[in-house]
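Asks: Below is the structure I would like to discuss, written out as structure tokens.
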Amino acid sequence: MKIIQISDTHLSPSKPHFNDNWNPLLQWIEAMAPDLVIHTGDLTIDGADHLEDVTFAMELMAQLSAPVLMVPGNHDVGHLPGSVQPVDPIRLARWRAHVGQDYWCCDRGDWRFIGLNSQLFGFDDEEDERQFAWLAEQLQTAGDRPVAIFAHKPLFVDDPDEGDTGYWSVRPRQRQRLFDLMAGRNVALHASGHLHWAWTGEQEGTSLVWAPPTSFIVDTLEREMPGERLVGAVVHRFEGRQVSSEVVAVSGLTTHILDPVIEEVYPRAAKTLVEAVR
């Protein structure tokens, strides 16, 4: 079974800065003929506030012949409390109405695939607790199936015991809850996006994969992180109970750089991102 993971497409009809990467990406995916495509968030430039970004992106995603599963990113449904665009019921309802479930579970072959809405982690509210309870049930009922988890945000950036990285990864308390739930549950893979870096690693027997963006890299506005800056995708191959993951720099994609156009694309976030790097 072959799954292609794409992430951070940042599509929009009114801000078409990265839309030109869609057609070469589409052609590459079709040539690869995957059994499933999983999008790990930031489908849109600003679906959190603009329905037209969501509908435009979904029209493009419908061009894929393979089935597609998606989880939202911060630009789709919002981010942490106190941010410019925190997750709220309106933003969640927009995603659920026009895209689908923001977290999900499906069994294919020998495997259980779980998609998480990592934007809920850190709110300590009913939505956050409901997802944790749901995740516990999905892991408990997986039986002897190996599990692959897909989410927008990585579990950590530099170290599993690091403190709060703010914008970049899951907060420490929620991260530890995830580690506790995953322990002993044969979670073979945790695949994410968000950072606009490509990296593979391992934590307590779980393969960790950061998918590269298909849209843009960030130069000096983002701190250095593990891995490498590139635009592309990930090919996950599931053979029996084993998984291998290959980061691919997809031919034909333009390596856009956000820094020169951030005031056009994300004017409200520009100041916040600069401060986060500092």
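Numbering starts fresh at 1 for the residues of each chain in the structure tokens, the chains themselves are lettered A, B, ... in the order given, and ligands are numbered from 1 as they appear.
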Where in region 32-205 of chain A does DSSP assign alpha helix (DSSP H), given as a ChimeraX atom specification?
Replies: /A:32,51-61,74-77,89-98,126-140,172-182
Asks: Which parts of region 120-170 of chain A does DSSP call strand (DSSP E) when run on the backbone here, written out as a list in words?
Replies: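 Put together, the selection reads Val147, Ala148, Ile149 and Phe150 of chain A.
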Asks: Any idea what the distance is between CA of Ser169 (chain A) and CA of Asp144 (chain A)?
Replies: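 It comes out at 29.1 Å.
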Asks: Identify, on the basis of only C-alpha atoms, every residue whose closest approach to Glu202 (chain A) does not exceed 9 Å; exclude the query and any residue fewer than 6 positions from it along the same chain; express the result as a list in words.
Replies: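 Residues near the query, excluding close chain neighbours: Leu189, Leu208 and Val209 of chain A.
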Asks: If we count only C-alpha atoms and set the cut-off at 12 Å, which residues sit around Glu137 (chain A), ignoring sequence neighbours fewer than 3 positions away in its own chain? Please answer as a PyMOL selection string.
Replies: chain A and resi 104-105+114+130-134+140-143+181-182+185
Asks: Using only C-alpha atoms, I'd like a table of the residues in region 131-243 of chain A that come within 12 Å of region 18-40 of chain A; for each, show the closest atom pair and its distance in Å rounded to one decimal, ordered by chain and ascending number, as a Markdown table.
Replies:
```
| residue | atom | partner | partner_atom | distance |
| --- | --- | --- | --- | --- |
| A:Ala148 | CA | A:Ile38 | CA | 11.5 |
| A:Ile149 | CA | A:Thr40 | CA | 10.4 |
| A:Phe150 | CA | A:Thr40 | CA | 6.6 |
| A:Ala151 | CA | A:Thr40 | CA | 5.6 |
| A:His152 | CA | A:Thr40 | CA | 5.0 |
| A:Lys153 | CA | A:Thr40 | CA | 8.5 |
| A:Pro154 | CA | A:Thr40 | CA | 10.6 |
| A:His190 | CA | A:Thr40 | CA | 11.2 |
| A:Ala191 | CA | A:Thr40 | CA | 8.1 |
| A:Ser192 | CA | A:Thr40 | CA | 6.1 |
| A:Gly193 | CA | A:Thr40 | CA | 5.9 |
| A:His194 | CA | A:Thr40 | CA | 8.1 |
| A:Leu195 | CA | A:Thr40 | CA | 11.4 |
| A:His196 | CA | A:Thr40 | CA | 11.8 |
| A:Val209 | CA | A:Thr40 | CA | 11.4 |
| A:Trp210 | CA | A:Thr40 | CA | 9.8 |
| A:Ala211 | CA | A:Thr40 | CA | 8.3 |
| A:Pro212 | CA | A:Thr40 | CA | 10.4 |
| A:Pro213 | CA | A:Thr40 | CA | 9.8 |
| A:Thr214 | CA | A:Asn21 | CA | 6.9 |
| A:Ser215 | CA | A:Phe18 | CA | 5.4 |
| A:Phe216 | CA | A:Phe18 | CA | 7.3 |
| A:Ile217 | CA | A:Phe18 | CA | 11.0 |
| A:Val231 | CA | A:Asn21 | CA | 9.5 |
| A:Gly232 | CA | A:Leu25 | CA | 8.2 |
| A:Ala233 | CA | A:Leu25 | CA | 8.8 |
| A:Val234 | CA | A:Ile38 | CA | 9.9 |
| A:Val235 | CA | A:Pro34 | CA | 8.7 |
| A:His236 | CA | A:Pro34 | CA | 9.5 |
| A:Arg237 | CA | A:Pro34 | CA | 9.6 |
| A:Phe238 | CA | A:Asp35 | CA | 10.6 |
```
Asks: Could you please determine the separation between CA of Arg175 (chain A) and CA of Glu129 (chain A) in Å, to one decimal place?
Replies: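 Computing the Euclidean distance for CA of Arg175 (chain A) and CA of Glu129 (chain A) yields 13.6 Å.
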Asks: Which residue, A:Met225, A:Ile4, A:Glu263, A:Gln203, has the smallest gap to Val248 (chain A) when you use only C-alpha atoms?
Replies: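 Checking each candidate against Val248 (chain A), we get A:Ile4 as the closest.
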Asks: Which one is closest to Asp158 (chain A): A:Gln242, A:Glu224, A:Asn117, A:Thr55? Count only C-alpha atoms.
Replies: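 Closest to Asp158 (chain A) of all the choices is A:Glu224.
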Asks: With distances taken over only C-alpha atoms, which residue among A:Pro226, A:Pro13, A:Pro146, A:Gly205 lies nearest Asp46 (chain A)?
Replies: A:Pro13
Asks: Which distance in Å separates CA of Asp125 (chain A) and CA of His10 (chain A), to one decimal?
Replies: 27.9 Å
Asks: With only C-alpha atoms as the counted atoms, please give the residues lying no more than 12 Å from Asp124 (chain A), apart from itself and same-chain residues fewer than 3 positions off, as number ranges by chain.
Replies: A: 80-81, 119-121, 127-132, 171, 173-174
Asks: With only C-alpha atoms as the basis for distance, which of A:Leu258, A:Leu135, A:Met1, A:Val54 is at the shortest distance from Val243 (chain A)?
Replies: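 Ranked by minimum distance to Val243 (chain A), first place goes to A:Met1.
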Asks: Of the candidates A:Ile262, A:Ile90, A:Ile257, A:Leu43, which one gets nearest to Asn74 (chain A) if we count only C-alpha atoms?
Replies: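 Smallest separation from Asn74 (chain A) among the options: A:Leu43.
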Asks: Determine the nearest neighbour of Asp107 (chain A) from the options A:Thr220, A:Ser245, A:Gln138, A:Asn186, counting only C-alpha atoms.
Replies: A:Gln138
Asks: Give me the residues near Asp259 (chain A) as a count of residues only, where near means some atom within 7 Å (using only C-alpha atoms) and where sequence neighbours in that chain fewer than 3 positions away do not count.
Replies: 4
